file coords-v1.csv (CSV, C-alpha atoms)
chain,number,residue,atom,x,y,z
A,11,MET,CA,9.7,-0.2,-23.7
A,12,ALA,CA,11.4,-0.6,-20.4
A,13,THR,CA,11.6,-3.6,-18.2
A,14,THR,CA,11.2,-2.8,-14.5
A,15,THR,CA,10.6,-5.4,-11.8
A,16,ALA,CA,9.5,-5.2,-8.2
A,17,THR,CA,10.5,-8.1,-6.0
A,18,LEU,CA,9.2,-8.6,-2.4
A,19,THR,CA,10.7,-11.0,0.1
A,20,LEU,CA,8.8,-11.5,3.4
A,21,SER,CA,10.7,-13.6,5.9
A,22,SER,CA,10.8,-14.6,9.5
A,23,THR,CA,12.1,-17.6,11.3
A,24,ASP,CA,10.2,-17.0,14.5
A,25,LEU,CA,6.9,-15.2,13.8
A,26,LEU,CA,5.2,-18.6,13.2
A,27,SER,CA,6.0,-22.1,14.3
A,28,ASP,CA,7.5,-22.7,10.9
A,29,ALA,CA,9.6,-20.3,8.9
A,30,LEU,CA,7.8,-17.7,6.9
A,31,SER,CA,9.2,-17.2,3.4
A,32,VAL,CA,7.1,-15.4,0.8
A,33,SER,CA,8.5,-14.1,-2.4
A,34,ALA,CA,6.8,-12.3,-5.2
A,35,THR,CA,8.1,-10.6,-8.3
A,36,GLN,CA,6.1,-8.5,-10.7
A,37,THR,CA,7.1,-6.9,-14.0
A,38,LEU,CA,5.6,-3.4,-14.1
A,39,TYR,CA,3.4,-3.3,-17.2
A,40,LYS,CA,1.2,-0.6,-18.6
A,41,ALA,CA,-2.5,-1.2,-17.9
A,42,GLY,CA,-3.9,-4.3,-19.5
A,43,THR,CA,-0.8,-5.0,-21.6
A,44,THR,CA,2.6,-6.7,-21.4
A,45,THR,CA,4.3,-3.4,-22.4
A,46,GLY,CA,6.6,-2.1,-19.6
A,47,LEU,CA,5.9,1.1,-17.8
A,48,ASP,CA,8.3,3.8,-18.9
A,49,GLY,CA,7.7,6.9,-16.8
A,50,LEU,CA,9.6,7.5,-13.7
A,51,GLN,CA,9.6,10.1,-10.8
A,52,TYR,CA,12.0,9.4,-8.0
A,53,GLU,CA,12.6,11.9,-5.2
A,54,ARG,CA,14.0,12.4,-1.7
A,55,LEU,CA,12.5,15.1,0.5
A,56,GLU,CA,12.7,16.6,4.0
A,57,VAL,CA,9.2,16.9,5.2
A,58,ALA,CA,8.5,19.4,8.0
A,59,ALA,CA,6.2,18.2,10.8
A,60,GLY,CA,2.6,19.2,11.1
A,61,THR,CA,1.2,19.8,7.6
A,62,GLU,CA,-0.2,17.3,5.2
A,63,VAL,CA,1.5,17.7,1.8
A,64,ASP,CA,1.1,16.1,-1.6
A,65,ILE,CA,4.0,14.1,-2.8
A,66,ILE,CA,2.3,12.5,-5.9
A,67,ASP,CA,-0.3,14.2,-7.9
A,68,ALA,CA,-3.0,12.2,-9.7
A,69,THR,CA,-3.2,13.6,-13.2
A,70,THR,CA,-5.5,12.9,-16.1
A,71,ALA,CA,-2.8,11.2,-18.2
A,72,GLY,CA,-2.3,8.7,-15.4
A,73,ALA,CA,-5.9,8.0,-14.6
A,74,ASN,CA,-7.2,4.4,-14.4
A,75,LYS,CA,-3.7,3.1,-15.2
A,76,ALA,CA,-1.3,0.7,-13.6
A,77,ASN,CA,0.9,3.3,-11.9
A,78,LYS,CA,3.0,2.0,-9.0
A,79,VAL,CA,4.1,4.0,-6.0
A,80,TYR,CA,6.9,3.4,-3.5
A,81,VAL,CA,7.3,5.5,-0.3
A,82,ALA,CA,9.9,5.0,2.3
A,83,ASN,CA,10.4,6.8,5.6
A,84,LYS,CA,14.2,7.2,6.0
A,85,HIS,CA,14.1,8.6,9.5
A,86,THR,CA,16.1,6.6,12.0
A,87,ASP,CA,14.2,7.3,15.3
A,88,GLU,CA,11.8,4.4,15.6
A,89,THR,CA,9.3,6.5,17.7
A,90,LYS,CA,8.7,8.8,14.7
A,91,TYR,CA,6.3,8.3,11.8
A,92,ILE,CA,4.6,9.8,8.9
A,93,GLU,CA,0.9,9.4,8.0
A,94,VAL,CA,0.0,8.4,4.5
A,95,TYR,CA,-3.1,9.6,2.8
A,96,ILE,CA,-4.9,8.8,-0.5
A,97,ALA,CA,-7.3,11.5,-1.6
A,98,THR,CA,-6.9,13.0,1.9
A,99,TYR,CA,-8.1,9.8,3.5
A,100,LYS,CA,-5.6,8.5,6.0
A,101,ILE,CA,-4.7,4.9,5.3
A,102,GLY,CA,-1.8,4.2,7.7
A,103,ARG,CA,1.5,5.1,9.3
A,104,LEU,CA,5.0,4.6,8.1
A,105,TYR,CA,7.4,4.5,11.0
A,106,ALA,CA,11.1,5.2,10.6
A,107,GLY,CA,12.5,2.5,8.3
A,108,ASP,CA,9.2,1.4,6.9
A,109,TRP,CA,8.3,1.4,3.3
A,110,MET,CA,5.2,0.7,1.2
A,111,PHE,CA,4.5,-0.2,-2.4
A,112,ILE,CA,1.1,0.1,-4.0
A,113,PRO,CA,-0.7,0.5,-7.3
A,114,LEU,CA,-2.3,4.0,-7.8
A,115,GLU,CA,-5.4,4.1,-9.9
A,116,ALA,CA,-5.5,7.9,-9.9
A,117,ALA,CA,-9.1,7.7,-11.2
A,118,ALA,CA,-9.8,11.3,-10.1
A,119,ALA,CA,-7.6,14.3,-9.9
A,120,SER,CA,-8.2,14.3,-6.2
A,121,GLN,CA,-6.6,10.9,-5.7
A,122,ASP,CA,-3.2,12.3,-4.8
A,123,ILE,CA,-0.9,10.7,-2.3
A,124,SER,CA,0.0,12.9,0.5
A,125,ILE,CA,1.9,12.5,3.8
A,126,LYS,CA,2.2,14.3,7.1
A,127,ALA,CA,5.3,14.1,9.3
A,128,ILE,CA,4.4,13.8,12.9
A,129,THR,CA,6.3,15.5,15.7
A,130,THR,CA,9.5,16.2,13.7
A,131,THR,CA,10.9,16.7,10.3
A,132,GLN,CA,11.5,13.4,8.5
A,133,VAL,CA,13.2,12.4,5.3
A,134,VAL,CA,11.0,10.6,2.8
A,135,GLU,CA,11.9,8.9,-0.4
A,136,PHE,CA,9.3,8.1,-3.0
A,137,ALA,CA,9.0,6.8,-6.5
A,138,LEU,CA,6.2,6.9,-9.1
A,139,ILE,CA,6.5,4.5,-12.0
A,140,HIS,CA,3.8,5.4,-14.4
A,141,GLU,CA,2.6,5.5,-18.0
A,142,GLY,CA,1.6,9.1,-18.3
A,143,LYS,CA,1.5,12.3,-16.4
A,144,THR,CA,-0.2,15.5,-17.3
A,145,LEU,CA,2.3,18.3,-17.2
A,146,THR,CA,1.5,21.8,-15.9
A,147,THR,CA,1.7,24.7,-18.3
A,148,ALA,CA,4.5,27.1,-17.2
A,149,SER,CA,3.3,30.4,-15.9
B,29,MET,CA,9.7,-11.1,20.1
B,30,ALA,CA,9.8,-12.2,16.5
B,31,THR,CA,11.9,-10.7,13.7
B,32,THR,CA,10.1,-10.3,10.5
B,33,THR,CA,11.5,-8.5,7.5
B,34,ALA,CA,10.1,-7.2,4.2
B,35,THR,CA,12.6,-6.4,1.5
B,36,ILE,CA,11.7,-4.7,-1.8
B,37,THR,CA,13.9,-4.5,-4.8
B,38,LEU,CA,12.9,-2.2,-7.6
B,39,ALA,CA,15.1,-2.7,-10.6
B,40,SER,CA,15.4,-1.6,-14.2
B,41,SER,CA,18.3,-1.3,-16.6
B,42,ASP,CA,16.4,0.7,-19.2
B,43,ILE,CA,13.7,2.9,-17.7
B,44,ALA,CA,16.3,5.7,-17.6
B,45,ASP,CA,19.8,6.4,-18.9
B,46,ASN,CA,21.1,5.0,-15.7
B,47,ALA,CA,20.0,1.9,-14.1
B,48,LEU,CA,17.3,2.1,-11.4
B,49,SER,CA,18.1,0.0,-8.4
B,50,ILE,CA,16.1,0.6,-5.2
B,51,SER,CA,16.5,-1.9,-2.4
B,52,ASN,CA,15.1,-1.5,1.1
B,53,THR,CA,14.5,-3.8,4.0
B,54,MET,CA,12.2,-3.0,6.9
B,55,THR,CA,11.9,-4.9,10.1
B,56,MET,CA,8.3,-5.0,11.2
B,57,THR,CA,8.0,-3.7,14.7
B,58,THR,CA,5.2,-2.6,17.0
B,59,ALA,CA,4.4,1.1,16.8
B,60,GLY,CA,7.2,3.4,18.0
B,61,THR,CA,9.5,0.6,19.3
B,62,THR,CA,12.1,-1.8,18.1
B,63,THR,CA,10.1,-4.8,19.3
B,64,GLY,CA,9.1,-7.2,16.5
B,65,ILE,CA,5.5,-7.7,15.6
B,66,THR,CA,4.2,-11.0,16.9
B,67,GLU,CA,0.8,-11.4,15.3
B,68,THR,CA,-0.3,-12.2,11.8
B,69,THR,CA,-3.3,-13.7,10.0
B,70,GLY,CA,-0.9,-15.9,8.2
B,71,LEU,CA,-0.9,-16.2,4.5
B,72,ALA,CA,-4.5,-16.5,3.3
B,73,ARG,CA,-6.0,-17.3,-0.1
B,74,LYS,CA,-9.4,-16.2,-1.3
B,75,LYS,CA,-11.1,-17.3,-4.5
B,76,MET,CA,-12.8,-14.3,-6.3
B,77,ALA,CA,-15.2,-15.0,-9.2
B,78,SER,CA,-17.6,-12.0,-9.1
B,79,THR,CA,-17.5,-8.3,-10.0
B,80,THR,CA,-19.4,-7.4,-6.9
B,81,LEU,CA,-17.6,-5.0,-4.6
B,82,THR,CA,-16.9,-6.8,-1.4
B,83,ASP,CA,-14.6,-7.0,1.7
B,84,LEU,CA,-11.4,-8.8,1.3
B,85,ILE,CA,-10.3,-8.2,4.9
B,86,THR,CA,-13.1,-7.2,7.4
B,87,LEU,CA,-11.9,-5.3,10.4
B,88,ASN,CA,-14.8,-6.6,12.4
B,89,SER,CA,-13.7,-10.2,11.9
B,90,PHE,CA,-10.5,-9.8,13.9
B,91,GLN,CA,-11.1,-7.2,16.6
B,92,ASP,CA,-7.8,-7.9,18.4
B,93,ILE,CA,-6.0,-5.7,15.9
B,94,THR,CA,-5.1,-2.4,17.5
B,95,ALA,CA,-6.0,0.6,15.5
B,96,GLN,CA,-3.6,3.4,14.6
B,97,LYS,CA,-0.5,1.3,15.1
B,98,SER,CA,2.0,-0.2,12.6
B,99,ALA,CA,-0.1,-2.9,10.9
B,100,LYS,CA,0.9,-3.9,7.4
B,101,VAL,CA,-1.1,-5.6,4.7
B,102,TYR,CA,0.2,-7.7,1.9
B,103,ILE,CA,-2.0,-8.6,-1.1
B,104,LYS,CA,-1.2,-10.4,-4.3
B,105,ASN,CA,-3.3,-11.1,-7.4
B,106,THR,CA,-2.1,-14.6,-8.3
B,107,GLY,CA,-3.8,-14.5,-11.7
B,108,THR,CA,-1.7,-14.5,-14.8
B,109,ALA,CA,-3.8,-12.4,-17.1
B,110,THR,CA,-2.3,-9.0,-17.4
B,111,ASP,CA,-5.5,-7.5,-18.8
B,112,LYS,CA,-7.6,-8.5,-15.7
B,113,TYR,CA,-7.3,-6.8,-12.4
B,114,ALA,CA,-8.6,-6.4,-8.8
B,115,ILE,CA,-9.4,-2.9,-7.6
B,116,ILE,CA,-8.2,-2.7,-4.0
B,117,GLY,CA,-9.8,-0.1,-1.7
B,118,ILE,CA,-10.2,0.8,1.9
B,119,GLY,CA,-13.4,1.7,3.7
B,120,ASN,CA,-17.0,0.6,3.4
B,121,SER,CA,-17.8,-1.9,0.7
B,122,ALA,CA,-21.5,-1.2,1.0
B,123,ALA,CA,-20.9,2.3,0.0
B,124,THR,CA,-18.0,3.9,-1.8
B,125,PRO,CA,-14.6,2.9,-0.4
B,126,TYR,CA,-11.5,4.9,-1.2
B,127,THR,CA,-9.7,3.3,-4.1
B,128,ILE,CA,-6.0,2.6,-3.8
B,129,GLY,CA,-5.3,1.0,-7.1
B,130,ARG,CA,-5.5,-1.9,-9.5
B,131,LEU,CA,-3.6,-5.2,-9.0
B,132,TYR,CA,-3.3,-6.8,-12.4
B,133,GLY,CA,-2.4,-10.5,-12.7
B,134,GLY,CA,0.9,-11.1,-10.9
B,135,ASP,CA,0.9,-7.8,-9.1
B,136,TRP,CA,1.4,-7.4,-5.3
B,137,MET,CA,1.2,-4.6,-2.8
B,138,LEU,CA,2.4,-3.9,0.7
B,139,PHE,CA,1.0,-1.0,2.7
B,140,PRO,CA,0.5,0.3,6.2
B,141,TRP,CA,-3.1,0.0,7.6
B,142,LEU,CA,-4.6,2.3,10.1
B,143,ALA,CA,-7.3,-0.4,10.8
B,144,LEU,CA,-9.6,2.2,12.3
B,145,PRO,CA,-13.1,1.3,13.3
B,146,VAL,CA,-15.2,4.2,12.3
B,147,ASP,CA,-18.3,4.9,14.3
B,148,GLY,CA,-21.4,6.9,13.4
B,149,ASP,CA,-19.9,10.1,14.6
B,150,GLY,CA,-17.6,10.2,11.6
B,151,PHE,CA,-13.9,9.8,11.0
B,152,SER,CA,-12.7,12.7,13.2
B,153,ALA,CA,-14.6,11.6,16.3
B,154,SER,CA,-13.4,8.0,15.9
B,155,GLU,CA,-9.9,9.1,15.9
B,156,THR,CA,-10.5,10.6,19.3
B,157,ASP,CA,-12.3,7.6,20.8
B,158,ASP,CA,-10.9,4.9,18.6
B,159,GLY,CA,-14.5,4.0,17.7
B,160,THR,CA,-16.1,0.7,18.3
B,161,TYR,CA,-16.2,-2.3,16.1
B,162,GLY,CA,-19.0,-3.4,13.8
B,163,HIS,CA,-19.7,-0.1,12.1
B,164,ALA,CA,-20.4,-0.1,8.3
B,165,SER,CA,-17.7,2.5,7.7
B,166,ASN,CA,-14.8,0.7,9.3
B,167,GLN,CA,-11.5,0.7,7.4
B,168,ASP,CA,-12.1,-2.6,5.8
B,169,ILE,CA,-9.9,-3.7,2.8
B,170,THR,CA,-12.2,-4.0,-0.2
B,171,ILE,CA,-11.9,-5.7,-3.5
B,172,ASP,CA,-13.7,-5.3,-6.8
B,173,MET,CA,-12.7,-7.6,-9.7
B,174,SER,CA,-12.6,-6.4,-13.3
B,175,ASP,CA,-14.6,-9.5,-14.4
B,176,ASP,CA,-15.9,-12.8,-13.1
B,177,THR,CA,-12.9,-14.9,-14.1
B,178,GLU,CA,-12.0,-17.0,-11.1
B,179,THR,CA,-8.9,-15.5,-9.5
B,180,ILE,CA,-7.0,-16.4,-6.4
B,181,ILE,CA,-6.1,-13.4,-4.2
B,182,GLU,CA,-3.5,-13.9,-1.5
B,183,TYR,CA,-3.3,-11.7,1.5
B,184,MET,CA,-1.5,-11.4,4.9
B,185,VAL,CA,-1.8,-8.9,7.7
B,186,PHE,CA,0.9,-8.2,10.3
B,187,PHE,CA,-0.4,-6.4,13.4
B,188,GLU,CA,-0.2,-5.8,17.1
call {"tool": "encode", "arguments": {"input": "coords-v1.csv", "output": "structure tokens"}}
result
Amino acid sequence: MATTTATLTLSSTDLLSDALSVSATQTLYKAGTTTGLDGLQYERLEVAAGTEVDIIDATTAGANKANKVYVANKHTDETKYIEVYIATYKIGRLYAGDWMFIPLEAAAASQDISIKAITTTQVVEFALIHEGKTLTTAS
Amino acid sequence: MATTTATITLASSDIADNALSISNTMTMTTAGTTTGITETTGLARKKMASTTLTDLITLNSFQDITAQKSAKVYIKNTGTATDKYAIIGIGNSAATPYTIGRLYGGDWMLFPWLALPVDGDGFSASETDDGTYGHASNQDITIDMSDDTETIIEYMVFFE
């Protein structure tokens, strides 16, 4: 088994009256176990503006598991953003430089993660750390 | 303006032949600018001890958040049991929210939140008029525990 960790550090010296310092580390385990996730998909894409496109497919092998997803908008113009969807439901915007990290239940095949670049082509990096993925038969 | 950063480090020496090392720092800014976000709920803790689907963060409870901006939500399951989890969703807890995923004991998540109040005309119409608050189908953050073991959930919202 693999050992993969995800560490978050949230910090600010001036958002609140006192300094903000939150740190959290998780080891990425398979669902309900202490066995490490061992599947990995890591990609970097140029996403053209205007069309919602799937970047991560929910598949039967990964359904109801402890999959983790990382998405980062690597664009550098702060006025530009991508929209992020789960099962075609828009949950938020990642502006240039923003990232997100979420668990993905993938309970249904429709629970894909998709994005739409707004206004201009943007570079997006994403990673899926998972414990199973149904492969498509070659045609 | 404030400067607030969020850094993620994803690391593994054995998930592939070569080491995985992803590190990324974002500065939380207001939408489309380089101005730092200045508002937050602060770090909150909520005790969960029921398997009833409920709201963790109710949009109607802090109406000063501006929808369709660059709000971010941090949530952590502080439990230690790796076989128990919280299902985090978005939408209407009185109906069927859209499920994001499961936070097992020790897991955390950070994601952008549209924070859209959704009125009776439906999602598309609300995007046009930004809706009004108090509707059942608002984009609340929902939670559903896997069992009734008492568990502390931490959360924090950054918004404008």
call {"tool": "closest_atom_pairs", "arguments": {"input": "coords-v1.csv", "of": "stretch 49-152 of chain B", "to": "stretch 76-94 of chain A", "cutoff": "7 Å", "atoms": "only C-alpha atoms", "output": "JSON lines"}}
result
{"residue": "B:Gly60", "atom": "CA", "partner": "A:Thr89", "partner_atom": "CA", "distance": 3.8}
{"residue": "B:Thr61", "atom": "CA", "partner": "A:Glu88", "partner_atom": "CA", "distance": 5.8}
{"residue": "B:Thr62", "atom": "CA", "partner": "A:Glu88", "partner_atom": "CA", "distance": 6.7}
{"residue": "B:Arg130", "atom": "CA", "partner": "A:Ala76", "partner_atom": "CA", "distance": 6.4}
call {"tool": "residues_around", "arguments": {"input": "coords-v1.csv", "residues": "B:Asp168", "least_positions_apart": "2", "cutoff": "10 Å", "atoms": "only C-alpha atoms", "output": "MDAnalysis selection string"}}
result
chainID B and resid 82:89 117:121 125 141:146 164:166 170:171
call {"tool": "residues_near_point", "arguments": {"input": "coords-v1.csv", "point": "(-1.7, -3.5, -18.8)", "cutoff": "12 Å", "atoms": "only C-alpha atoms", "output": "number ranges by chain"}}
result
A: 37-47, 74-77, 140-141; B: 108-113, 130-135
call {"tool": "write_last_selection", "arguments": {"input": "coords-v1.csv", "atoms": "C-alpha atoms", "output": "PDB file, in the coordinates of the input"}}
result
ATOM      1  CA  THR A  37       7.100  -6.900 -14.000  1.00  0.00           C
ATOM      2  CA  LEU A  38       5.600  -3.400 -14.100  1.00  0.00           C
ATOM      3  CA  TYR A  39       3.400  -3.300 -17.200  1.00  0.00           C
ATOM      4  CA  LYS A  40       1.200  -0.600 -18.600  1.00  0.00           C
ATOM      5  CA  ALA A  41      -2.500  -1.200 -17.900  1.00  0.00           C
ATOM      6  CA  GLY A  42      -3.900  -4.300 -19.500  1.00  0.00           C
ATOM      7  CA  THR A  43      -0.800  -5.000 -21.600  1.00  0.00           C
ATOM      8  CA  THR A  44       2.600  -6.700 -21.400  1.00  0.00           C
ATOM      9  CA  THR A  45       4.300  -3.400 -22.400  1.00  0.00           C
ATOM     10  CA  GLY A  46       6.600  -2.100 -19.600  1.00  0.00           C
ATOM     11  CA  LEU A  47       5.900   1.100 -17.800  1.00  0.00           C
ATOM     12  CA  ASN A  74      -7.200   4.400 -14.400  1.00  0.00           C
ATOM     13  CA  LYS A  75      -3.700   3.100 -15.200  1.00  0.00           C
ATOM     14  CA  ALA A  76      -1.300   0.700 -13.600  1.00  0.00           C
ATOM     15  CA  ASN A  77       0.900   3.300 -11.900  1.00  0.00           C
ATOM     16  CA  HIS A 140       3.800   5.400 -14.400  1.00  0.00           C
ATOM     17  CA  GLU A 141       2.600   5.500 -18.000  1.00  0.00           C
TER      18      GLU A 141
ATOM     19  CA  THR B 108      -1.700 -14.500 -14.800  1.00  0.00           C
ATOM     20  CA  ALA B 109      -3.800 -12.400 -17.100  1.00  0.00           C
ATOM     21  CA  THR B 110      -2.300  -9.000 -17.400  1.00  0.00           C
ATOM     22  CA  ASP B 111      -5.500  -7.500 -18.800  1.00  0.00           C
ATOM     23  CA  LYS B 112      -7.600  -8.500 -15.700  1.00  0.00           C
ATOM     24  CA  TYR B 113      -7.300  -6.800 -12.400  1.00  0.00           C
ATOM     25  CA  ARG B 130      -5.500  -1.900  -9.500  1.00  0.00           C
ATOM     26  CA  LEU B 131      -3.600  -5.200  -9.000  1.00  0.00           C
ATOM     27  CA  TYR B 132      -3.300  -6.800 -12.400  1.00  0.00           C
ATOM     28  CA  GLY B 133      -2.400 -10.500 -12.700  1.00  0.00           C
ATOM     29  CA  GLY B 134       0.900 -11.100 -10.900  1.00  0.00           C
ATOM     30  CA  ASP B 135       0.900  -7.800  -9.100  1.00  0.00           C
TER      31      ASP B 135
END
call {"tool": "interface_residues", "arguments": {"input": "coords-v1.csv", "of": "chain B", "to": "chain A", "cutoff": "6 Å", "atoms": "all atoms listed in the file", "output": "MDAnalysis selection string"}}
result
chainID B and resid 30:40 42:43 54 60:61 66 110:111 128:130 134:135 137:142
call {"tool": "atom_distance", "arguments": {"input": "coords-v1.csv", "atom1": "atom CA of A:Ala68", "atom2": "atom CA of A:Leu145"}}
result
11.0 Å
call {"tool": "atom_distance", "arguments": {"input": "coords-v1.csv", "atom1": "atom CA of A:Thr130", "atom2": "atom CA of B:Ser49"}}
result
28.7 Å
